[in-house]
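For reference, model-v4.cif (mmCIF, C-alpha atoms):
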data_work
loop_
_atom_site.group_PDB
_atom_site.id
_atom_site.type_symbol
_atom_site.label_atom_id
_atom_site.label_comp_id
_atom_site.auth_asym_id
_atom_site.auth_seq_id
_atom_site.Cartn_x
_atom_site.Cartn_y
_atom_site.Cartn_z
ATOM 1 C CA MET A 1 50.024 112.709 77.566
ATOM 2 C CA ALA A 2 46.901 113.452 75.580
ATOM 3 C CA ASP A 3 46.386 112.188 72.065
ATOM 4 C CA ILE A 4 46.528 114.626 69.174
ATOM 5 C CA LEU A 5 42.759 114.967 68.681
ATOM 6 C CA SER A 6 42.040 116.091 72.225
ATOM 7 C CA TYR A 7 45.112 118.317 72.104
ATOM 8 C CA LEU A 8 43.768 119.952 68.974
ATOM 9 C CA LYS A 9 40.510 120.742 70.781
ATOM 10 C CA ASP A 10 42.364 122.584 73.556
ATOM 11 C CA LEU A 11 44.371 124.807 71.275
ATOM 12 C CA GLU A 12 43.316 128.363 70.659
ATOM 13 C CA LYS A 13 42.191 128.817 67.090
ATOM 14 C CA ASN A 14 44.808 131.518 66.582
ATOM 15 C CA ASP A 15 47.608 129.195 67.603
ATOM 16 C CA ILE A 16 47.067 126.835 64.712
ATOM 17 C CA ILE A 17 49.175 127.465 61.644
ATOM 18 C CA PHE A 18 48.278 124.394 59.693
ATOM 19 C CA ALA A 19 46.070 121.402 60.381
ATOM 20 C CA TYR A 20 45.403 118.582 57.992
ATOM 21 C CA LYS A 21 43.580 115.290 57.905
ATOM 22 C CA GLY A 22 44.155 112.882 55.039
ATOM 23 C CA GLU A 23 46.891 111.006 53.266
ATOM 24 C CA ILE A 24 50.193 112.892 53.040
ATOM 25 C CA ASN A 25 52.198 112.728 49.814
ATOM 26 C CA THR A 26 55.370 114.390 48.538
ATOM 27 C CA GLN A 27 53.548 117.225 46.794
ATOM 28 C CA LEU A 28 51.578 118.058 49.924
ATOM 29 C CA LEU A 29 54.719 117.858 52.062
ATOM 30 C CA ARG A 30 56.382 120.504 49.876
ATOM 31 C CA THR A 31 53.322 122.740 50.157
ATOM 32 C CA ILE A 32 53.139 122.387 53.944
ATOM 33 C CA VAL A 33 56.859 123.146 54.332
ATOM 34 C CA GLN A 34 56.562 126.240 52.130
ATOM 35 C CA SER A 35 53.505 127.667 53.832
ATOM 36 C CA ALA A 36 54.821 126.963 57.347
ATOM 37 C CA ASP A 37 58.044 128.765 56.428
ATOM 38 C CA ALA A 38 56.131 131.753 55.028
ATOM 39 C CA LYS A 39 54.059 131.920 58.208
ATOM 40 C CA MET A 40 57.144 131.818 60.438
ATOM 41 C CA ASP A 41 58.703 134.540 58.319
ATOM 42 C CA GLU A 42 55.571 136.635 58.957
ATOM 43 C CA PHE A 43 56.086 136.100 62.695
ATOM 44 C CA GLY A 44 59.616 137.451 62.253
ATOM 45 C CA GLU A 45 61.444 134.222 63.068
ATOM 46 C CA ASN A 46 65.088 134.154 61.994
ATOM 47 C CA LEU A 47 66.362 131.888 59.252
ATOM 48 C CA GLY A 48 68.215 129.490 61.585
ATOM 49 C CA PHE A 49 65.073 128.853 63.640
ATOM 50 C CA ARG A 50 62.859 128.470 60.563
ATOM 51 C CA LYS A 51 65.258 125.898 59.154
ATOM 52 C CA ARG A 52 65.158 123.937 62.399
ATOM 53 C CA VAL A 53 61.346 123.884 62.551
ATOM 54 C CA SER A 54 61.127 122.917 58.864
ATOM 55 C CA GLY A 55 63.642 120.137 59.420
ATOM 56 C CA VAL A 56 61.659 118.633 62.273
ATOM 57 C CA LEU A 57 58.456 119.016 60.280
ATOM 58 C CA ILE A 58 59.871 117.198 57.240
ATOM 59 C CA GLU A 59 61.302 114.356 59.304
ATOM 60 C CA ILE A 60 58.037 113.817 61.184
ATOM 61 C CA LEU A 61 55.836 114.018 58.075
ATOM 62 C CA GLN A 62 58.040 111.619 56.108
ATOM 63 C CA ASN A 63 57.726 109.242 59.020
ATOM 64 C CA VAL A 64 53.940 109.416 58.705
ATOM 65 C CA MET A 65 54.190 108.988 54.913
ATOM 66 C CA ARG A 66 56.133 105.752 55.401
ATOM 67 C CA HIS A 67 53.951 104.305 58.120
ATOM 68 C CA GLY A 68 50.567 105.987 58.019
ATOM 69 C CA SER A 69 47.983 105.148 55.418
ATOM 70 C CA ASN A 70 44.256 105.422 55.860
ATOM 71 C CA VAL A 71 42.553 102.374 57.300
ATOM 72 C CA LYS A 72 38.874 101.532 57.293
ATOM 73 C CA ILE A 73 37.611 99.836 60.414
ATOM 74 C CA GLY A 74 33.898 99.054 60.400
ATOM 75 C CA ASN A 75 32.166 102.226 59.244
ATOM 76 C CA LEU A 76 35.007 104.477 60.320
ATOM 77 C CA GLU A 77 37.833 105.555 58.081
ATOM 78 C CA TYR A 78 41.015 106.548 59.916
ATOM 79 C CA TYR A 79 43.258 109.092 58.187
ATOM 80 C CA PRO A 80 46.618 110.487 59.245
ATOM 81 C CA VAL A 81 46.347 113.904 60.925
ATOM 82 C CA MET A 82 48.923 116.615 61.452
ATOM 83 C CA ILE A 83 49.106 120.051 63.054
ATOM 84 C CA ILE A 84 51.574 122.862 63.354
ATOM 85 C CA ALA A 85 50.839 125.378 66.075
ATOM 86 C CA ARG A 86 52.611 128.324 67.598
ATOM 87 C CA HIS A 87 52.362 128.889 71.317
ATOM 88 C CA ASN A 88 54.566 131.123 73.520
ATOM 89 C CA ASP A 89 57.333 131.400 70.916
ATOM 90 C CA GLU A 90 57.468 127.651 70.480
ATOM 91 C CA TYR A 91 56.334 125.665 67.509
ATOM 92 C CA ILE A 92 54.456 122.474 68.191
ATOM 93 C CA ILE A 93 54.375 119.788 65.556
ATOM 94 C CA GLY A 94 52.009 116.891 66.054
ATOM 95 C CA THR A 95 50.911 113.913 64.025
ATOM 96 C CA GLY A 96 48.587 110.982 64.466
ATOM 97 C CA ASN A 97 48.219 107.804 62.451
ATOM 98 C CA LEU A 98 47.206 104.195 62.784
ATOM 99 C CA ILE A 99 49.923 101.625 63.408
ATOM 100 C CA ASN A 100 49.933 97.919 64.244
ATOM 101 C CA HIS A 101 51.107 96.287 67.465
ATOM 102 C CA GLN A 102 54.464 95.321 66.046
ATOM 103 C CA GLU A 103 55.166 98.932 65.092
ATOM 104 C CA LYS A 104 54.013 100.026 68.532
ATOM 105 C CA GLU A 105 56.534 97.754 70.178
ATOM 106 C CA PHE A 106 59.394 99.207 68.136
ATOM 107 C CA LEU A 107 58.260 102.837 68.515
ATOM 108 C CA GLU A 108 57.646 102.670 72.241
ATOM 109 C CA LYS A 109 61.011 101.087 72.944
ATOM 110 C CA HIS A 110 62.843 103.438 70.609
ATOM 111 C CA ILE A 111 61.180 106.676 71.815
ATOM 112 C CA ASN A 112 61.628 105.708 75.465
ATOM 113 C CA LYS A 113 65.306 105.115 74.831
ATOM 114 C CA VAL A 114 65.661 108.433 72.973
ATOM 115 C CA ASN A 115 63.849 110.308 75.771
ATOM 116 C CA SER A 116 66.154 108.826 78.418
ATOM 117 C CA LEU A 117 69.337 110.149 76.797
ATOM 118 C CA THR A 118 71.290 113.338 77.518
ATOM 119 C CA PRO A 119 72.195 115.602 74.554
ATOM 120 C CA ASP A 120 75.696 114.085 74.356
ATOM 121 C CA GLU A 121 74.318 110.548 74.506
ATOM 122 C CA LEU A 122 71.815 111.429 71.769
ATOM 123 C CA LYS A 123 74.656 112.664 69.592
ATOM 124 C CA GLU A 124 76.507 109.377 70.143
ATOM 125 C CA PHE A 125 73.379 107.314 69.449
ATOM 126 C CA TYR A 126 72.738 109.289 66.254
ATOM 127 C CA GLN A 127 76.271 108.635 65.004
ATOM 128 C CA GLU A 128 76.049 104.963 65.916
ATOM 129 C CA VAL A 129 72.782 104.440 63.990
ATOM 130 C CA LEU A 130 74.078 106.530 61.072
ATOM 131 C CA LYS A 131 77.197 104.350 60.823
ATOM 132 C CA ASN A 132 75.495 101.007 61.296
ATOM 133 C CA GLY A 133 72.515 101.480 59.001
ATOM 134 C CA THR A 134 68.788 101.185 59.461
ATOM 135 C CA ILE A 135 67.256 99.707 62.552
ATOM 136 C CA SER A 136 63.667 99.606 61.350
ATOM 137 C CA SER A 137 62.265 97.501 58.532
ATOM 138 C CA LYS A 138 60.808 100.442 56.595
ATOM 139 C CA GLY A 139 64.045 102.375 56.877
ATOM 140 C CA GLY A 140 64.781 105.831 58.130
ATOM 141 C CA ALA A 141 62.463 106.008 61.106
ATOM 142 C CA GLY A 142 65.092 104.959 63.621
ATOM 143 C CA LEU A 143 67.449 107.786 62.757
ATOM 144 C CA GLY A 144 64.581 110.233 62.150
ATOM 145 C CA ILE A 145 63.271 110.105 65.708
ATOM 146 C CA ILE A 146 66.767 110.575 67.127
ATOM 147 C CA ASP A 147 67.259 113.588 64.867
ATOM 148 C CA VAL A 148 63.902 115.051 65.920
ATOM 149 C CA ALA A 149 64.767 114.569 69.602
ATOM 150 C CA ARG A 150 68.093 116.361 69.145
ATOM 151 C CA LYS A 151 66.228 119.415 67.878
ATOM 152 C CA ALA A 152 63.219 119.222 70.215
ATOM 153 C CA LYS A 153 62.642 121.171 73.408
ATOM 154 C CA ASP A 154 64.181 119.251 76.327
ATOM 155 C CA ASN A 155 65.184 116.641 73.725
ATOM 156 C CA ARG A 156 61.815 115.105 74.309
ATOM 157 C CA VAL A 157 59.450 113.299 71.947
ATOM 158 C CA ASN A 158 55.945 113.035 73.431
ATOM 159 C CA TYR A 159 53.708 110.204 72.379
ATOM 160 C CA ASP A 160 50.478 108.374 73.077
ATOM 161 C CA PHE A 161 48.919 105.106 71.922
ATOM 162 C CA LYS A 162 45.163 104.484 71.911
ATOM 163 C CA GLU A 163 43.959 101.018 71.144
ATOM 164 C CA ILE A 164 41.395 100.912 68.309
ATOM 165 C CA ASN A 165 40.979 97.161 67.997
ATOM 166 C CA GLU A 166 43.133 94.036 68.232
ATOM 167 C CA ASP A 167 45.042 94.962 65.060
ATOM 168 C CA TYR A 168 45.390 98.732 65.237
ATOM 169 C CA LEU A 169 46.378 101.558 67.551
ATOM 170 C CA PHE A 170 46.201 105.295 67.045
ATOM 171 C CA PHE A 171 49.705 106.683 67.526
ATOM 172 C CA SER A 172 50.118 110.379 68.388
ATOM 173 C CA MET A 173 53.451 112.118 68.465
ATOM 174 C CA PHE A 174 54.278 115.710 69.452
ATOM 175 C CA VAL A 175 57.355 117.792 69.767
ATOM 176 C CA SER A 176 57.986 121.402 70.703
ATOM 177 C CA VAL A 177 60.719 123.295 68.942
ATOM 178 C CA GLN A 178 62.352 126.316 70.523
ATOM 179 C CA LYS A 179 64.831 128.818 69.188
ATOM 180 C CA PRO A 180 68.251 127.167 69.081
ATOM 181 C CA VAL A 181 70.799 128.573 71.492
ATOM 182 C CA LYS A 182 74.073 129.379 69.817
ATOM 183 C CA LYS A 183 77.083 127.630 71.322
ATOM 184 C CA SER A 184 79.835 130.032 72.257
ATOM 185 C CA MET B 185 84.550 111.040 32.549
ATOM 186 C CA LYS B 186 81.240 112.583 31.655
ATOM 187 C CA ALA B 187 80.363 115.397 34.051
ATOM 188 C CA ILE B 188 77.175 115.370 36.120
ATOM 189 C CA TYR B 189 75.091 118.539 36.301
ATOM 190 C CA ILE B 190 71.792 118.244 38.199
ATOM 191 C CA PRO B 191 69.718 121.396 38.814
ATOM 192 C CA ALA B 192 68.192 121.945 42.246
ATOM 193 C CA THR B 193 64.523 121.367 43.033
ATOM 194 C CA GLN B 194 62.641 122.255 46.228
ATOM 195 C CA ASP B 195 63.576 118.912 47.785
ATOM 196 C CA THR B 196 66.734 117.836 45.959
ATOM 197 C CA PRO B 197 70.078 119.651 45.814
ATOM 198 C CA ALA B 198 72.036 120.944 42.822
ATOM 199 C CA VAL B 199 74.913 118.612 42.022
ATOM 200 C CA ILE B 200 78.027 119.343 39.968
ATOM 201 C CA LEU B 201 80.644 116.654 39.463
ATOM 202 C CA ASP B 202 83.080 117.808 36.803
ATOM 203 C CA VAL B 203 86.600 116.401 36.685
ATOM 204 C CA GLN B 204 87.755 118.671 33.854
ATOM 205 C CA LYS B 205 86.764 121.809 35.735
ATOM 206 C CA GLY B 206 87.695 120.365 39.124
ATOM 207 C CA ILE B 207 84.239 121.049 40.591
ATOM 208 C CA PHE B 208 82.688 118.644 43.096
ATOM 209 C CA GLU B 209 79.665 120.193 44.768
ATOM 210 C CA ILE B 210 76.284 119.414 46.333
ATOM 211 C CA LYS B 211 74.184 122.441 47.229
ATOM 212 C CA GLY B 212 70.688 123.135 48.544
ATOM 213 C CA ASN B 213 67.930 121.108 50.174
ATOM 214 C CA SER B 214 67.856 117.339 50.286
ATOM 215 C CA TYR B 215 64.674 115.653 51.445
ATOM 216 C CA PRO B 216 63.462 113.445 48.607
ATOM 217 C CA GLU B 217 61.127 110.626 49.555
ATOM 218 C CA ASP B 218 63.433 108.187 47.772
ATOM 219 C CA SER B 219 66.977 109.207 48.639
ATOM 220 C CA ALA B 220 68.509 106.072 47.097
ATOM 221 C CA HIS B 221 67.062 106.972 43.709
ATOM 222 C CA PHE B 222 68.663 110.406 43.904
ATOM 223 C CA TYR B 223 72.040 109.497 45.420
ATOM 224 C CA ASN B 224 72.874 106.171 43.771
ATOM 225 C CA PRO B 225 73.975 107.711 40.424
ATOM 226 C CA ILE B 226 76.231 110.121 42.331
ATOM 227 C CA ILE B 227 77.757 107.297 44.337
ATOM 228 C CA GLU B 228 78.257 105.181 41.195
ATOM 229 C CA TRP B 229 79.947 108.108 39.443
ATOM 230 C CA LEU B 230 82.356 108.578 42.359
ATOM 231 C CA GLN B 231 83.076 104.827 42.486
ATOM 232 C CA GLU B 232 83.881 104.877 38.788
ATOM 233 C CA LEU B 233 86.253 107.805 39.274
ATOM 234 C CA LEU B 234 87.840 106.017 42.238
ATOM 235 C CA ASN B 235 88.514 102.958 40.075
ATOM 236 C CA SER B 236 89.892 105.028 37.189
ATOM 237 C CA THR B 237 93.430 106.347 36.712
ATOM 238 C CA PHE B 238 92.380 109.753 38.048
ATOM 239 C CA ASN B 239 95.338 111.356 39.804
ATOM 240 C CA GLY B 240 94.204 114.965 40.277
ATOM 241 C CA SER B 241 92.946 116.374 43.558
ATOM 242 C CA ILE B 242 89.427 116.689 44.953
ATOM 243 C CA GLU B 243 87.915 119.576 46.860
ATOM 244 C CA PHE B 244 84.385 118.404 47.644
ATOM 245 C CA ASN B 245 81.955 121.154 48.685
ATOM 246 C CA PHE B 246 78.858 120.252 50.671
ATOM 247 C CA ASN B 247 76.626 123.287 50.876
ATOM 248 C CA PHE B 248 73.337 122.197 52.413
ATOM 249 C CA ASP B 249 70.391 124.260 53.567
ATOM 250 C CA TYR B 250 68.756 121.177 55.003
ATOM 251 C CA PHE B 251 68.899 117.416 54.579
ATOM 252 C CA ASN B 252 66.705 114.663 56.009
ATOM 253 C CA THR B 253 67.977 111.576 57.793
ATOM 254 C CA SER B 254 67.653 109.269 54.809
ATOM 255 C CA SER B 255 69.885 111.660 52.823
ATOM 256 C CA ALA B 256 72.247 111.642 55.829
ATOM 257 C CA LYS B 257 73.124 108.011 55.148
ATOM 258 C CA PHE B 258 74.052 108.704 51.530
ATOM 259 C CA ILE B 259 76.126 111.725 52.512
ATOM 260 C CA LEU B 260 78.086 109.383 54.771
ATOM 261 C CA GLU B 261 78.500 106.985 51.844
ATOM 262 C CA ILE B 262 79.941 109.789 49.703
ATOM 263 C CA LEU B 263 82.343 110.704 52.500
ATOM 264 C CA ARG B 264 83.422 107.047 52.795
ATOM 265 C CA ILE B 265 84.346 107.090 49.092
ATOM 266 C CA LEU B 266 86.269 110.342 49.584
ATOM 267 C CA GLU B 267 88.121 108.546 52.380
ATOM 268 C CA GLU B 268 89.135 105.902 49.835
ATOM 269 C CA PHE B 269 90.434 108.557 47.447
ATOM 270 C CA GLN B 270 92.562 109.854 50.288
ATOM 271 C CA GLU B 271 93.850 106.309 50.940
ATOM 272 C CA LYS B 272 94.781 106.051 47.251
ATOM 273 C CA ASN B 273 96.918 109.181 47.701
ATOM 274 C CA VAL B 274 94.508 111.415 45.800
ATOM 275 C CA LYS B 275 94.703 114.735 47.618
ATOM 276 C CA THR B 276 91.203 115.160 49.081
ATOM 277 C CA LEU B 277 89.579 117.972 51.017
ATOM 278 C CA VAL B 278 86.002 118.201 52.272
ATOM 279 C CA ARG B 279 84.584 121.685 52.732
ATOM 280 C CA TRP B 280 81.354 121.663 54.715
ATOM 281 C CA HIS B 281 79.505 124.968 54.332
ATOM 282 C CA TYR B 282 76.838 126.132 56.751
ATOM 283 C CA TYR B 283 74.792 129.270 57.189
ATOM 284 C CA GLU B 284 76.309 130.966 60.240
ATOM 285 C CA ASP B 285 73.110 130.876 62.342
ATOM 286 C CA ASP B 286 72.275 127.303 61.412
ATOM 287 C CA ILE B 287 73.695 125.253 64.268
ATOM 288 C CA ASP B 288 71.966 122.095 62.995
ATOM 289 C CA ILE B 289 73.961 121.966 59.735
ATOM 290 C CA LEU B 290 77.096 122.973 61.668
ATOM 291 C CA GLU B 291 76.553 120.139 64.159
ATOM 292 C CA SER B 292 75.903 117.587 61.435
ATOM 293 C CA GLY B 293 79.192 118.699 59.842
ATOM 294 C CA GLU B 294 80.898 118.112 63.184
ATOM 295 C CA ASP B 295 79.250 114.676 63.365
ATOM 296 C CA TYR B 296 80.648 113.682 59.965
ATOM 297 C CA LYS B 297 84.043 115.175 60.695
ATOM 298 C CA SER B 298 84.349 112.918 63.740
ATOM 299 C CA ILE B 299 83.150 109.806 61.847
ATOM 300 C CA VAL B 300 85.371 109.905 58.745
ATOM 301 C CA SER B 301 89.110 110.368 58.464
ATOM 302 C CA VAL B 302 89.541 112.778 55.588
ATOM 303 C CA PRO B 303 90.694 116.438 55.760
ATOM 304 C CA PHE B 304 87.508 118.286 56.673
ATOM 305 C CA GLU B 305 86.882 122.043 56.937
ATOM 306 C CA LEU B 306 83.779 123.707 58.369
ATOM 307 C CA VAL B 307 83.088 126.941 56.500
ATOM 308 C CA SER B 308 80.451 129.488 57.581
ATOM 309 C CA ARG B 309 78.533 131.664 55.132
ATOM 310 C CA ASP B 310 76.210 134.633 55.568
ATOM 311 C CA ASP B 311 72.832 134.028 53.904
ATOM 312 C CA THR B 312 71.437 137.423 54.823
ATOM 313 C CA LEU B 313 73.815 139.219 52.424
#
Could you write out this structure as structure tokens?
Amino acid sequence: MADILSYLKDLEKNDIIFAYKGEINTQLLRTIVQSADAKMDEFGENLGFRKRVSGVLIEILQNVMRHGSNVKIGNLEYYPVMIIARHNDEYIIGTGNLINHQEKEFLEKHINKVNSLTPDELKEFYQEVLKNGTISSKGGAGLGIIDVARKAKDNRVNYDFKEINEDYLFFSMFVSVQKPVKKS
Amino acid sequence: MKAIYIPATQDTPAVILDVQKGIFEIKGNSYPEDSAHFYNPIIEWLQELLNSTFNGSIEFNFNFDYFNTSSAKFILEILRILEEFQEKNVKTLVRWHYYEDDIDILESGEDYKSIVSVPFELVSRDDTL
């Protein structure tokens, strides 16, 4: 899996709906959600699908807000990055931010577990974590990734870690969101 | 008890808790950064009602467009309190509204329905009207 910066390079310019580099705050989150929704409306997406994409977007961005602040290493300043792109009727949401090794350990274990589960197992895992409270120190993230996986294409959360130095890694995360299929 | 009326914002829902009028409702979007700050007063209000001599009935309407996972935990807390009302023989009904094409809100309603033991109805609505 490629990291978000090389992925961004490969995307067609027209595919990108929103790309941003910098610290993400509540005000910006609201703006991104609004403009992504307006864009999807322009593409003629139905309300149910727009709500799903917005939901995944909010969960992922709030995750970055909790964990990703800008870090200066040597002469380089590392900021969180995020993109929303549309490709073949799917919406791709990607983020990248610096994390430490302890966070990597938690994230890698948690995402691998989430990716190994069937939809029914994911539902069970979601309910279990919801009932038993937070599983990460900063709160929320544990349940957030499960929720994102439930709504993602193939229930899959893609990720990549690139080591920056002995303290920090650059963590990229991507999901694709497809139109939900109505259960009969 | 003093009623609670909170207007909706882009990321927090409208809340009405009014014993006199018999209205218990949360409606809209819920993705505040600090969910505890938003939900704690609501939970305290319900706890106070639970500990009072209230002997009416409760029809609690959840009418979400979207909620994030940190709100999800507080929604469960509200439902746990409603469970306690039910145990105290206060007639309690949860009505979980969802837009008919929104399978995510429907499924989260099904999740809650299977977690708590309180009468629980899933009610579809048409947002395109």
For chain A, which residues have at least one atom within 9 Å of chain B, if we go by only C-alpha atoms? Write them as a tab-separated table (two decimals) with C-alpha atoms, in the coordinates of the input, please.
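Dumped everything to selection36.tsv:
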chain	number	residue	atom	x	y	z
A	26	THR	CA	55.37	114.39	48.54
A	30	ARG	CA	56.38	120.50	49.88
A	46	ASN	CA	65.09	134.15	61.99
A	47	LEU	CA	66.36	131.89	59.25
A	48	GLY	CA	68.22	129.49	61.58
A	49	PHE	CA	65.07	128.85	63.64
A	51	LYS	CA	65.26	125.90	59.15
A	52	ARG	CA	65.16	123.94	62.40
A	54	SER	CA	61.13	122.92	58.86
A	55	GLY	CA	63.64	120.14	59.42
A	56	VAL	CA	61.66	118.63	62.27
A	58	ILE	CA	59.87	117.20	57.24
A	59	GLU	CA	61.30	114.36	59.30
A	62	GLN	CA	58.04	111.62	56.11
A	65	MET	CA	54.19	108.99	54.91
A	123	LYS	CA	74.66	112.66	69.59
A	126	TYR	CA	72.74	109.29	66.25
A	127	GLN	CA	76.27	108.64	65.00
A	130	LEU	CA	74.08	106.53	61.07
A	131	LYS	CA	77.20	104.35	60.82
A	133	GLY	CA	72.52	101.48	59.00
A	139	GLY	CA	64.04	102.38	56.88
A	140	GLY	CA	64.78	105.83	58.13
A	141	ALA	CA	62.46	106.01	61.11
A	143	LEU	CA	67.45	107.79	62.76
A	144	GLY	CA	64.58	110.23	62.15
A	147	ASP	CA	67.26	113.59	64.87
A	151	LYS	CA	66.23	119.42	67.88
A	180	PRO	CA	68.25	127.17	69.08
A	181	VAL	CA	70.80	128.57	71.49
A	182	LYS	CA	74.07	129.38	69.82
A	183	LYS	CA	77.08	127.63	71.32
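Applied to the shown file, the PyMOL selection byres ((chain B and resi 274) around 7) selects the residues Asn239, Gly240, Ser241, Phe269, Gln270, Lys272, Asn273, Lys275 and Thr276 of chain B.
Coordinates place atom CA of A:Phe174 at a distance of 5.6 Å from atom CA of A:Ile93.
Between B:Ser301 and the residues B:Ile207, B:Val278, B:Glu267, B:His221, the shortest atom-to-atom distance, using all atoms listed in the file, involves B:Glu267.
Interatomic distance, atom CA of A:Val157 to atom CA of A:Asp89: 18.3 Å.
Going from atom CA of B:Glu228 to atom CA of B:Trp280 covers 21.5 Å.
When only C-alpha atoms are used to measure the gap to A:Gly22, the shortest distance among A:Val177, A:Met82, A:Leu57, A:Val148 belongs to A:Met82.
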Per-axis box centre and lengths in Å around stretch 254-269 of chain B, 4 Å margin per side, axis-aligned, as AutoDock Vina command-line options:
--center_x 79.0 --center_y 108.8 --center_z 51.6 --size_x 30.8 --size_y 13.8 --size_z 16.4
For B:Phe222, the closest of B:Ile190, B:Phe208, B:Asn235, B:Phe246 counting only C-alpha atoms is B:Ile190
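Nearest-residue note for A:Ala152: choosing from A:Ile92, A:Ile4, A:Leu117, A:Leu29, the minimum distance belongs to A:Ile92, counting only C-alpha atoms.
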Please enumerate the residues selected by the PyMOL selection byres ((chain A and resi 169) around 10) when evaluated against the supplied file, formatted as a list in words.
Asn97, Leu98, Ile99, Asn100, His101, Glu103, Lys104, Asp160, Phe161, Lys162, Glu163, Ile164, Asn165, Glu166, Asp167, Tyr168, Phe170, Phe171 and Ser172 of chain A
Exercise: residues within 6 Å of coordinate (48.5, 130.2, 66.7), counting only C-alpha atoms, as a PDB file with C-alpha atoms, in the coordinates of the input:
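Result saved to out.pdb:
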ATOM      1  CA  ASN A  14      44.808 131.518  66.582  1.00  0.00           C
ATOM      2  CA  ASP A  15      47.608 129.195  67.603  1.00  0.00           C
ATOM      3  CA  ILE A  16      47.067 126.835  64.712  1.00  0.00           C
ATOM      4  CA  ILE A  17      49.175 127.465  61.644  1.00  0.00           C
ATOM      5  CA  ALA A  85      50.839 125.378  66.075  1.00  0.00           C
ATOM      6  CA  ARG A  86      52.611 128.324  67.598  1.00  0.00           C
TER       7      ARG A  86
END
Long-range neighbours of B:Ala192 as a PDB file with C-alpha atoms, in the coordinates of the input, 10 Å cut-off, all atoms listed in the file, 6 positions minimum in chain:
ATOM      1  CA  ALA B 198      72.036 120.944  42.822  1.00  0.00           C
ATOM      2  CA  VAL B 199      74.913 118.612  42.022  1.00  0.00           C
ATOM      3  CA  ILE B 210      76.284 119.414  46.333  1.00  0.00           C
ATOM      4  CA  LYS B 211      74.184 122.441  47.229  1.00  0.00           C
ATOM      5  CA  GLY B 212      70.688 123.135  48.544  1.00  0.00           C
ATOM      6  CA  ASN B 213      67.930 121.108  50.174  1.00  0.00           C
ATOM      7  CA  SER B 214      67.856 117.339  50.286  1.00  0.00           C
TER       8      SER B 214
END
Next on the checklist: Please expand the PyMOL selection byres ((chain B and resi 205) around 12) into the concrete residues it hits in this file, giving the result as a list in words.
Outcome noted: Met185, Lys186, Ala187, Ile188, Ile200, Leu201, Asp202, Val203, Gln204, Gly206, Ile207, Phe208, Glu209, Gly240, Ser241, Ile242 and Glu243 of chain B
